[in-house]
Every structure is written in C-alpha cells, then in structure tokens.
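Below is the file data-v9.cif, which contains mmCIF, C-alpha atoms.
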data_coords
#
loop_
_atom_site.group_PDB
_atom_site.id
_atom_site.type_symbol
_atom_site.label_atom_id
_atom_site.label_comp_id
_atom_site.auth_asym_id
_atom_site.auth_seq_id
_atom_site.Cartn_x
_atom_site.Cartn_y
_atom_site.Cartn_z
ATOM 1 C CA GLY A 1 9.386 -1.788 -15.542
ATOM 2 C CA ILE A 2 6.196 0.187 -15.440
ATOM 3 C CA GLN A 3 6.460 3.741 -14.115
ATOM 4 C CA VAL A 4 3.733 5.373 -12.036
ATOM 5 C CA GLU A 5 3.887 9.125 -11.580
ATOM 6 C CA GLN A 6 1.618 11.196 -9.403
ATOM 7 C CA SER A 7 1.087 14.925 -9.367
ATOM 8 C CA PRO A 8 1.210 17.230 -7.604
ATOM 9 C CA PRO A 9 3.581 15.863 -4.971
ATOM 10 C CA ASP A 10 2.230 18.241 -2.328
ATOM 11 C CA LEU A 11 -1.022 20.118 -2.069
ATOM 12 C CA ILE A 12 -2.385 22.515 0.531
ATOM 13 C CA LEU A 13 -6.076 23.359 0.489
ATOM 14 C CA GLN A 14 -8.412 25.480 2.500
ATOM 15 C CA GLU A 15 -11.321 23.516 3.892
ATOM 16 C CA GLY A 16 -14.167 23.467 1.390
ATOM 17 C CA ALA A 17 -11.958 23.693 -1.700
ATOM 18 C CA ASN A 18 -11.943 21.171 -4.548
ATOM 19 C CA SER A 19 -8.899 19.419 -5.985
ATOM 20 C CA THR A 20 -7.787 17.011 -8.689
ATOM 21 C CA LEU A 21 -4.969 14.520 -8.265
ATOM 22 C CA ARG A 22 -3.402 12.847 -11.265
ATOM 23 C CA CYS A 23 -1.773 9.462 -11.829
ATOM 24 C CA ASN A 24 0.077 8.636 -15.063
ATOM 25 C CA PHE A 25 1.323 5.141 -15.864
ATOM 26 C CA SER A 26 3.662 4.072 -18.599
ATOM 27 C CA ASP A 27 2.146 0.766 -19.772
ATOM 28 C CA SER A 28 -1.134 -1.111 -20.008
ATOM 29 C CA VAL A 29 -2.426 -2.362 -16.665
ATOM 30 C CA ASN A 30 -4.912 -4.887 -15.352
ATOM 31 C CA ASN A 31 -6.021 -2.836 -12.417
ATOM 32 C CA LEU A 32 -5.679 0.576 -10.830
ATOM 33 C CA GLN A 33 -6.508 1.446 -7.256
ATOM 34 C CA TRP A 34 -6.544 4.692 -5.315
ATOM 35 C CA PHE A 35 -5.678 4.662 -1.620
ATOM 36 C CA HIS A 36 -5.650 7.201 1.182
ATOM 37 C CA GLN A 37 -2.952 6.735 3.816
ATOM 38 C CA ASN A 38 -4.024 8.410 7.020
ATOM 39 C CA PRO A 39 -1.573 9.999 9.487
ATOM 40 C CA TRP A 40 -1.322 6.695 11.385
ATOM 41 C CA GLY A 41 -0.210 4.829 8.283
ATOM 42 C CA GLN A 42 -3.377 2.904 7.501
ATOM 43 C CA LEU A 43 -4.068 2.518 3.796
ATOM 44 C CA ILE A 44 -7.744 2.884 2.984
ATOM 45 C CA ASN A 45 -9.163 1.678 -0.305
ATOM 46 C CA LEU A 46 -10.875 4.474 -2.160
ATOM 47 C CA PHE A 47 -11.475 3.075 -5.615
ATOM 48 C CA TYR A 48 -10.787 0.026 -7.700
ATOM 49 C CA ILE A 49 -10.965 1.613 -11.138
ATOM 50 C CA PRO A 50 -9.173 0.004 -14.092
ATOM 51 C CA SER A 51 -11.345 2.100 -16.413
ATOM 52 C CA GLY A 52 -14.335 4.422 -16.384
ATOM 53 C CA THR A 53 -15.694 6.684 -13.679
ATOM 54 C CA LYS A 54 -16.830 5.975 -10.133
ATOM 55 C CA GLN A 55 -18.151 8.180 -7.370
ATOM 56 C CA ASN A 56 -18.311 7.725 -3.641
ATOM 57 C CA GLY A 57 -19.639 10.704 -1.736
ATOM 58 C CA ARG A 58 -17.310 13.677 -2.158
ATOM 59 C CA LEU A 59 -14.765 11.583 -3.998
ATOM 60 C CA SER A 60 -14.807 10.456 -7.576
ATOM 61 C CA ALA A 61 -12.276 8.900 -9.905
ATOM 62 C CA THR A 62 -11.839 8.518 -13.627
ATOM 63 C CA THR A 63 -9.419 6.245 -15.425
ATOM 64 C CA VAL A 64 -8.755 6.584 -19.148
ATOM 65 C CA ALA A 65 -6.894 3.350 -19.772
ATOM 66 C CA THR A 66 -6.183 4.076 -23.442
ATOM 67 C CA GLU A 67 -4.361 7.270 -22.464
ATOM 68 C CA ARG A 68 -2.788 5.744 -19.347
ATOM 69 C CA TYR A 69 -3.933 8.122 -16.679
ATOM 70 C CA SER A 70 -6.323 8.337 -13.785
ATOM 71 C CA LEU A 71 -7.743 11.306 -11.901
ATOM 72 C CA LEU A 72 -9.014 11.517 -8.342
ATOM 73 C CA TYR A 73 -11.392 14.370 -7.543
ATOM 74 C CA ILE A 74 -11.962 15.603 -4.029
ATOM 75 C CA SER A 75 -14.812 18.055 -3.600
ATOM 76 C CA SER A 76 -15.616 20.217 -0.581
ATOM 77 C CA SER A 77 -12.443 19.063 1.158
ATOM 78 C CA GLN A 78 -12.400 18.486 4.905
ATOM 79 C CA THR A 79 -9.523 18.412 7.374
ATOM 80 C CA THR A 80 -9.995 14.651 7.677
ATOM 81 C CA ASP A 81 -9.052 14.336 4.001
ATOM 82 C CA SER A 82 -5.458 15.183 4.943
ATOM 83 C CA GLY A 83 -2.888 12.465 4.371
ATOM 84 C CA VAL A 84 -1.172 10.874 1.420
ATOM 85 C CA TYR A 85 -3.034 9.676 -1.654
ATOM 86 C CA PHE A 86 -1.486 6.842 -3.617
ATOM 87 C CA CYS A 87 -2.428 5.303 -6.890
ATOM 88 C CA ALA A 88 -1.207 1.788 -7.551
ATOM 89 C CA VAL A 89 -1.333 -0.270 -10.703
ATOM 90 C CA GLU A 90 -1.181 -3.961 -11.399
ATOM 91 C CA ARG A 91 0.852 -4.976 -14.408
ATOM 92 C CA LYS A 92 -0.848 -7.205 -16.942
ATOM 93 C CA ASP A 93 1.597 -10.024 -16.243
ATOM 94 C CA SER A 94 1.993 -9.678 -12.519
ATOM 95 C CA SER A 95 -0.685 -11.640 -10.634
ATOM 96 C CA TYR A 96 -2.000 -8.869 -8.393
ATOM 97 C CA LYS A 97 1.372 -7.278 -7.619
ATOM 98 C CA LEU A 98 0.841 -3.558 -7.151
ATOM 99 C CA ILE A 99 3.275 -0.841 -8.155
ATOM 100 C CA PHE A 100 2.725 2.339 -6.206
ATOM 101 C CA GLY A 101 3.194 5.892 -7.309
ATOM 102 C CA SER A 102 5.121 8.300 -5.125
ATOM 103 C CA GLY A 103 1.949 9.786 -3.697
ATOM 104 C CA THR A 104 0.353 13.200 -3.269
ATOM 105 C CA ARG A 105 0.644 14.648 0.220
ATOM 106 C CA LEU A 106 -2.508 16.632 0.990
ATOM 107 C CA LEU A 107 -2.987 19.053 3.852
ATOM 108 C CA VAL A 108 -6.435 20.572 4.341
ATOM 109 C CA ARG A 109 -6.416 23.600 6.631
ATOM 110 C CA PRO A 110 -9.471 24.598 8.670
ATOM 111 C CA GLY B 1 -15.725 -6.866 5.087
ATOM 112 C CA ALA B 2 -12.131 -7.380 3.863
ATOM 113 C CA VAL B 3 -10.398 -6.498 7.115
ATOM 114 C CA VAL B 4 -6.701 -7.204 7.550
ATOM 115 C CA SER B 5 -4.958 -6.950 10.902
ATOM 116 C CA GLN B 6 -1.305 -6.844 11.871
ATOM 117 C CA HIS B 7 0.445 -7.528 15.119
ATOM 118 C CA PRO B 8 2.298 -5.889 16.701
ATOM 119 C CA SER B 9 1.520 -2.338 15.627
ATOM 120 C CA TRP B 10 4.968 -1.236 16.721
ATOM 121 C CA VAL B 11 8.061 -2.948 18.030
ATOM 122 C CA ILE B 12 11.492 -1.893 19.223
ATOM 123 C CA CYS B 13 14.265 -4.455 19.193
ATOM 124 C CA LYS B 14 17.992 -4.556 19.636
ATOM 125 C CA SER B 15 20.389 -5.013 16.770
ATOM 126 C CA GLY B 16 21.046 -8.674 16.059
ATOM 127 C CA THR B 17 17.717 -9.983 17.336
ATOM 128 C CA SER B 18 14.808 -11.315 15.285
ATOM 129 C CA VAL B 19 11.294 -9.941 15.120
ATOM 130 C CA LYS B 20 8.122 -11.647 13.919
ATOM 131 C CA ILE B 21 5.201 -9.709 12.440
ATOM 132 C CA GLU B 22 1.797 -11.328 11.924
ATOM 133 C CA CYS B 23 -0.725 -10.504 9.222
ATOM 134 C CA ARG B 24 -4.249 -11.874 9.451
ATOM 135 C CA SER B 25 -7.262 -11.699 7.172
ATOM 136 C CA LEU B 26 -10.138 -11.453 9.639
ATOM 137 C CA ASP B 27 -13.252 -12.074 7.594
ATOM 138 C CA PHE B 28 -12.020 -13.778 4.455
ATOM 139 C CA GLN B 29 -9.526 -16.348 3.320
ATOM 140 C CA ALA B 30 -6.440 -15.290 1.444
ATOM 141 C CA THR B 31 -4.318 -17.720 -0.510
ATOM 142 C CA THR B 32 -2.039 -14.840 -1.416
ATOM 143 C CA MET B 33 -0.773 -12.045 0.772
ATOM 144 C CA PHE B 34 1.855 -9.422 0.113
ATOM 145 C CA TRP B 35 4.471 -7.720 2.274
ATOM 146 C CA TYR B 36 5.522 -4.129 1.647
ATOM 147 C CA ARG B 37 8.039 -1.825 3.247
ATOM 148 C CA GLN B 38 7.689 1.932 3.506
ATOM 149 C CA PHE B 39 10.453 4.304 4.593
ATOM 150 C CA PRO B 40 9.534 7.745 5.959
ATOM 151 C CA LYS B 41 7.935 10.040 3.396
ATOM 152 C CA GLN B 42 8.360 7.427 0.681
ATOM 153 C CA SER B 43 6.063 5.140 -1.216
ATOM 154 C CA LEU B 44 5.360 1.481 -0.591
ATOM 155 C CA MET B 45 7.776 -1.036 -2.068
ATOM 156 C CA LEU B 46 6.708 -4.641 -2.561
ATOM 157 C CA MET B 47 9.047 -7.040 -0.764
ATOM 158 C CA ALA B 48 7.509 -10.446 -1.359
ATOM 159 C CA THR B 49 4.449 -12.482 -2.235
ATOM 160 C CA SER B 50 3.290 -14.915 0.418
ATOM 161 C CA ASN B 51 1.566 -18.034 -0.916
ATOM 162 C CA GLU B 52 -0.424 -20.335 1.347
ATOM 163 C CA GLY B 53 1.175 -23.757 1.473
ATOM 164 C CA SER B 54 4.176 -22.904 -0.663
ATOM 165 C CA LYS B 55 7.322 -20.825 -0.648
ATOM 166 C CA ALA B 56 7.205 -17.082 -0.803
ATOM 167 C CA THR B 57 8.488 -15.284 -3.866
ATOM 168 C CA TYR B 58 10.738 -12.298 -3.296
ATOM 169 C CA GLU B 59 11.227 -9.146 -5.308
ATOM 170 C CA GLN B 60 14.621 -8.373 -6.737
ATOM 171 C CA GLY B 61 17.018 -7.101 -4.115
ATOM 172 C CA VAL B 62 15.122 -8.491 -1.121
ATOM 173 C CA GLU B 63 17.119 -11.035 0.889
ATOM 174 C CA LYS B 64 15.001 -14.136 1.424
ATOM 175 C CA ASP B 65 17.204 -15.374 4.258
ATOM 176 C CA LYS B 66 16.780 -12.125 6.120
ATOM 177 C CA PHE B 67 13.043 -11.715 5.636
ATOM 178 C CA LEU B 68 11.483 -15.105 6.324
ATOM 179 C CA ILE B 69 7.865 -15.503 5.290
ATOM 180 C CA ASN B 70 5.528 -18.270 6.383
ATOM 181 C CA HIS B 71 1.937 -18.553 5.140
ATOM 182 C CA ALA B 72 0.764 -21.556 7.116
ATOM 183 C CA SER B 73 -2.988 -21.013 6.860
ATOM 184 C CA LEU B 74 -5.504 -19.223 4.686
ATOM 185 C CA THR B 75 -5.785 -16.382 7.190
ATOM 186 C CA LEU B 76 -2.247 -15.922 8.518
ATOM 187 C CA SER B 77 1.082 -14.885 7.066
ATOM 188 C CA THR B 78 4.131 -14.034 9.154
ATOM 189 C CA LEU B 79 7.221 -12.005 8.326
ATOM 190 C CA THR B 80 10.309 -12.580 10.453
ATOM 191 C CA VAL B 81 13.109 -10.059 10.230
ATOM 192 C CA THR B 82 16.188 -12.031 11.215
ATOM 193 C CA SER B 83 19.322 -10.496 12.735
ATOM 194 C CA ALA B 84 17.766 -7.062 12.487
ATOM 195 C CA HIS B 85 19.958 -4.003 12.004
ATOM 196 C CA PRO B 86 19.131 -0.299 12.262
ATOM 197 C CA GLU B 87 18.766 -0.049 8.486
ATOM 198 C CA ASP B 88 15.853 -2.508 8.746
ATOM 199 C CA SER B 89 13.904 0.074 10.724
ATOM 200 C CA SER B 90 10.844 0.815 8.639
ATOM 201 C CA PHE B 91 7.068 0.561 8.387
ATOM 202 C CA TYR B 92 6.043 -2.931 7.273
ATOM 203 C CA ILE B 93 2.605 -3.361 5.724
ATOM 204 C CA CYS B 94 0.846 -6.500 4.574
ATOM 205 C CA SER B 95 -2.052 -6.855 2.185
ATOM 206 C CA ALA B 96 -4.424 -9.552 1.061
ATOM 207 C CA ILE B 97 -6.539 -10.018 -2.005
ATOM 208 C CA SER B 98 -10.316 -9.969 -1.681
ATOM 209 C CA GLY B 99 -12.265 -9.867 -4.899
ATOM 210 C CA PRO B 100 -10.659 -7.614 -7.448
ATOM 211 C CA GLY B 101 -8.813 -5.392 -4.978
ATOM 212 C CA GLN B 102 -6.137 -5.536 -2.318
ATOM 213 C CA TYR B 103 -6.780 -4.644 1.302
ATOM 214 C CA PHE B 104 -4.067 -3.500 3.618
ATOM 215 C CA GLY B 105 -3.258 -4.055 7.248
ATOM 216 C CA PRO B 106 -2.584 -1.110 9.563
ATOM 217 C CA GLY B 107 1.172 -1.618 9.417
ATOM 218 C CA THR B 108 3.921 -2.423 11.903
ATOM 219 C CA ARG B 109 6.532 0.162 12.792
ATOM 220 C CA LEU B 110 9.855 -1.529 13.474
ATOM 221 C CA THR B 111 12.669 0.333 15.183
ATOM 222 C CA VAL B 112 16.018 -1.413 15.579
ATOM 223 C CA THR B 113 18.350 0.153 18.117
#

Any chance you could put this one into structure tokens?
Amino acid sequence: GIQVEQSPPDLILQEGANSTLRCNFSDSVNNLQWFHQNPWGQLINLFYIPSGTKQNGRLSATTVATERYSLLYISSSQTTDSGVYFCAVERKDSSYKLIFGSGTRLLVRP
Amino acid sequence: GAVVSQHPSWVICKSGTSVKIECRSLDFQATTMFWYRQFPKQSLMLMATSNEGSKATYEQGVEKDKFLINHASLTLSTLTVTSAHPEDSSFYICSAISGPGQYFGPGTRLTVT
C-alpha cells in the first residue's frame, strides 16, 4: 500500500522561529490534507491541498504532486502551535479513505 | 461549518462490558463517516467506513463482530466496542466528509479496566 512519511519526527522551536515540515508519499493521490492535533486530541484541518500552494495566516503549504511531496511552513511560531502535525493522503482508488503519516511532534517554547 | 461531535469524550468500563460511542455531524449531512483508532504517541489508523443505510466496511485486521457500527441517519454513526478488553483501550476518532475534505470529531478516550 501507499506509504506516507513525515519529517522530522520531533521538532523544538523557540517562539518566533520559522519551520518547515515535510510529507513524502509513495504513489499518486487524489487528495492531501494537513492536520494539527492539539494536546487534547482534536484534529484541526489546516489545508486541503492535492497540488499547488495555499496560505492561511502564518501557515502555508505546498504540494508538488508530480514529485510526491508536500511541505507545511510555519512562520513566527507561537506556543499555541505546539502539538502534532499530520499529513494524510487519499489513494486514487479509495473513496475518501485517508492514510496518515506518522506525524511531526512540535514543541514551541516561550 | 463542518462540525463533528462525539459522545462521550471519555469512558472507563470494566473488561467484558460493551461501550457505545456516538459520532454526529452537527451542521451537515454525511452519508459516509469513518472510524479511526489512535494509540498513545502513534498515528491514526482507519478501522472502518460507516455508510448510511448499509453495512459498514472494515479494514483488514479489524474484527467486525467486536466493533459494531451503525449509521442509522445522515447525521449519526455509532461504534460499539463489544466485550471490551484492556487492549481495546485507545483513543477513538470519527470523521465525516464535507466537500472535498474530512472533518474530525474531538475523539473518545476509552479505558478498559
């Protein structure tokens, strides 16, 4: 089956720093989403981005579908950005089923 | 929009009992919902697809007789963990499709003693 790999697995930042999270996937996909899981477990949709670039405030994401990777940029990080960031892909044959990467655990220190 | 709720948010039960978890789409209708399980410090693993008005489809390795799914309306899916054992203790999360994306409930933490 399709493999989804995220890097780095863990990241510690000082408040105000910028970071880039990466998601590689091993096959063509219909859809790619980025999520933030807060410390209480809630998954929050960040981006639906099967291709191209999107921005939302301090966050932006780029997916290069032909090269099978996506990047999530966090600028001017805040302590509330702490948590786990997941990318998830939908296989081309799977009817919305998402396959999650292993996540990047981010800690932003004040 | 696209809000999904779950109830209860946490539950403790004794080994051998059954537990029902509800997943509701609050402001949209969902013909398809999904159930995931997440163990501590791990990723989400899809357990099953819940289809309104028809049988659920289960991922490989998930026991359908243990994890009963009922999707009786366009806004409600339930997951019943039958004869729960300590190894079933986990964080259970549902999701529903709205537009091109999936939206997730807040999760239910199940502890089986």

Select all residues from chain B having any atom no more than 12 Å from an atom of chain A (counting only C-alpha atoms, ignoring ligands), output as number ranges by chain. B: 2-6, 9-10, 32-51, 57-59, 90-109

So what do you get for atom CA of A:Ala65 versus atom CA of A:Arg22, distance-wise? 13.2 Å

Once the PyMOL selection byres ((chain A and resi 53) around 10) has been evaluated on this model, what residues remain selected, and can you format them as a VMD selection string? chain A and resid 47 49 to 52 54 to 55 60 to 64 70 to 72

Hey, what's within 8 Å of B:Phe67 if we count all atoms listed in the file and toss same-chain stuff fewer than 5 positions away? As a JSON list (two decimals) with C-alpha atoms, in the frame of the given file, please?
[["chain", "number", "residue", "atom", "x", "y", "z"],
["B", 62, "VAL", "CA", 15.12, -8.49, -1.12],
["B", 79, "LEU", "CA", 7.22, -12.00, 8.33],
["B", 80, "THR", "CA", 10.31, -12.58, 10.45],
["B", 81, "VAL", "CA", 13.11, -10.06, 10.23],
["B", 82, "THR", "CA", 16.19, -12.03, 11.22]]

What is the atom CA of A:Tyr69 to atom CA of A:Arg91 distance in Å?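 We find that atom CA of A:Tyr69 and atom CA of A:Arg91 lie 14.1 Å from each other.
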
Just say which residues the PyMOL selection byres ((chain B and resi 16) around 6) picks in this file, as JSON, numbers by chain. {"B": [15, 17, 83, 84]}

Report, in Å to a single decimal, how far apart atom CA of A:His36 and atom CA of A:Asp81 are.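 Rounded to one decimal, the two atoms are 8.4 Å apart.
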
Given the point (-11.5, 20.3, 5.5) in the file's coordinates, find the residues that have an atom at most 6 Å from it, counting all atoms listed in the file, and give them as a PyMOL selection string. chain A and resi 15-16+77-79+108+110

Spatial neighbours of A:Arg58, 10 Å, all atoms listed in the file, chain gap at least 4 places, as a list in words: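 Once the adjacent positions are removed, what remains is Asn18, Tyr73, Ile74, Ser75, Ser76, Ser77 and Gln78 of chain A.
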
Saved selection, atoms kept: C-alpha atoms, as a PDB file, in the coordinates of the input:
ATOM      1  CA  ASN A  18     -11.943  21.171  -4.548  1.00  0.00           C
ATOM      2  CA  TYR A  73     -11.392  14.370  -7.543  1.00  0.00           C
ATOM      3  CA  ILE A  74     -11.962  15.603  -4.029  1.00  0.00           C
ATOM      4  CA  SER A  75     -14.812  18.055  -3.600  1.00  0.00           C
ATOM      5  CA  SER A  76     -15.616  20.217  -0.581  1.00  0.00           C
ATOM      6  CA  SER A  77     -12.443  19.063   1.158  1.00  0.00           C
ATOM      7  CA  GLN A  78     -12.400  18.486   4.905  1.00  0.00           C
TER       8      GLN A  78
END

Evaluating the PyMOL selection byres ((chain A and resi 25) around 6) on the displayed file yields which residues, as JSON, numbers by chain? {"A": [3, 4, 24, 26, 27, 68]}

Could you check the closest approach to B:Asp88 for each of B:Lys20, B:His71, B:Lys66, B:Lys55 and tell me which residue wins, using only C-alpha atoms?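 Among the listed residues, the smallest separation from B:Asp88 belongs to B:Lys66.
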
Save stretch 71-83 of chain B of the structure in the block above to a file, with all heavy atoms included, as a short mmCIF file (atom, residue, chain, number, x, y, z; two decimals), in the first residue's frame.
data_model
loop_
_atom_site.label_atom_id
_atom_site.label_comp_id
_atom_site.auth_asym_id
_atom_site.auth_seq_id
_atom_site.Cartn_x
_atom_site.Cartn_y
_atom_site.Cartn_z
N HIS B 71 -25.00 3.18 11.17
CA HIS B 71 -25.12 4.54 10.61
C HIS B 71 -26.58 4.72 10.19
O HIS B 71 -26.93 4.61 9.03
CB HIS B 71 -24.19 4.65 9.40
CG HIS B 71 -23.94 6.05 8.94
ND1 HIS B 71 -22.76 6.40 8.32
CD2 HIS B 71 -24.68 7.16 8.99
CE1 HIS B 71 -22.81 7.68 8.00
NE2 HIS B 71 -23.96 8.17 8.39
N ALA B 72 -27.42 4.96 11.20
CA ALA B 72 -28.87 4.91 11.01
C ALA B 72 -29.46 6.17 10.40
O ALA B 72 -30.58 6.15 9.90
CB ALA B 72 -29.55 4.63 12.34
N SER B 73 -28.72 7.28 10.45
CA SER B 73 -29.23 8.52 9.87
C SER B 73 -28.09 9.26 9.21
O SER B 73 -26.93 8.87 9.33
CB SER B 73 -29.88 9.39 10.95
OG SER B 73 -28.89 10.07 11.69
N LEU B 74 -28.42 10.33 8.52
CA LEU B 74 -27.40 11.09 7.80
C LEU B 74 -26.54 11.95 8.71
O LEU B 74 -25.62 12.62 8.24
CB LEU B 74 -28.07 11.98 6.74
CG LEU B 74 -28.62 11.23 5.54
CD1 LEU B 74 -29.45 12.16 4.66
CD2 LEU B 74 -27.49 10.62 4.72
N THR B 75 -26.83 11.96 10.01
CA THR B 75 -26.03 12.76 10.92
C THR B 75 -25.48 11.97 12.10
O THR B 75 -24.84 12.54 12.98
CB THR B 75 -26.86 13.94 11.49
OG1 THR B 75 -28.01 13.40 12.17
CG2 THR B 75 -27.30 14.88 10.37
N LEU B 76 -25.70 10.66 12.14
CA LEU B 76 -25.29 9.88 13.30
C LEU B 76 -24.72 8.53 12.91
O LEU B 76 -25.36 7.76 12.19
CB LEU B 76 -26.47 9.67 14.25
CG LEU B 76 -26.23 8.75 15.45
CD1 LEU B 76 -25.17 9.35 16.37
CD2 LEU B 76 -27.53 8.51 16.21
N SER B 77 -23.52 8.26 13.41
CA SER B 77 -22.94 6.93 13.33
C SER B 77 -22.52 6.51 14.73
O SER B 77 -22.07 7.35 15.52
CB SER B 77 -21.71 6.92 12.41
OG SER B 77 -21.05 5.66 12.43
N THR B 78 -22.71 5.25 15.05
CA THR B 78 -22.29 4.76 16.37
C THR B 78 -21.31 3.61 16.21
O THR B 78 -21.42 2.80 15.29
CB THR B 78 -23.49 4.30 17.21
OG1 THR B 78 -24.18 3.24 16.53
CG2 THR B 78 -24.46 5.44 17.47
N LEU B 79 -20.36 3.57 17.14
CA LEU B 79 -19.39 2.48 17.22
C LEU B 79 -19.58 1.82 18.58
O LEU B 79 -19.49 2.49 19.60
CB LEU B 79 -17.96 3.02 17.10
CG LEU B 79 -16.83 2.04 17.42
CD1 LEU B 79 -16.73 0.95 16.37
CD2 LEU B 79 -15.49 2.78 17.53
N THR B 80 -19.86 0.53 18.58
CA THR B 80 -19.99 -0.21 19.83
C THR B 80 -18.83 -1.19 19.94
O THR B 80 -18.66 -2.04 19.06
CB THR B 80 -21.33 -0.97 19.90
OG1 THR B 80 -22.42 -0.04 19.78
CG2 THR B 80 -21.46 -1.72 21.23
N VAL B 81 -18.07 -1.02 21.01
CA VAL B 81 -16.99 -1.96 21.31
C VAL B 81 -17.58 -3.04 22.20
O VAL B 81 -17.97 -2.78 23.34
CB VAL B 81 -15.81 -1.25 22.01
CG1 VAL B 81 -14.66 -2.23 22.23
CG2 VAL B 81 -15.35 -0.05 21.19
N THR B 82 -17.69 -4.23 21.67
CA THR B 82 -18.34 -5.31 22.42
C THR B 82 -17.31 -6.12 23.19
O THR B 82 -16.17 -6.29 22.73
CB THR B 82 -19.11 -6.24 21.47
OG1 THR B 82 -18.18 -6.86 20.57
CG2 THR B 82 -20.15 -5.47 20.67
N SER B 83 -17.71 -6.60 24.37
CA SER B 83 -16.84 -7.41 25.21
C SER B 83 -15.43 -6.81 25.26
O SER B 83 -14.45 -7.44 24.85
CB SER B 83 -16.78 -8.85 24.69
OG SER B 83 -16.06 -9.68 25.57
#
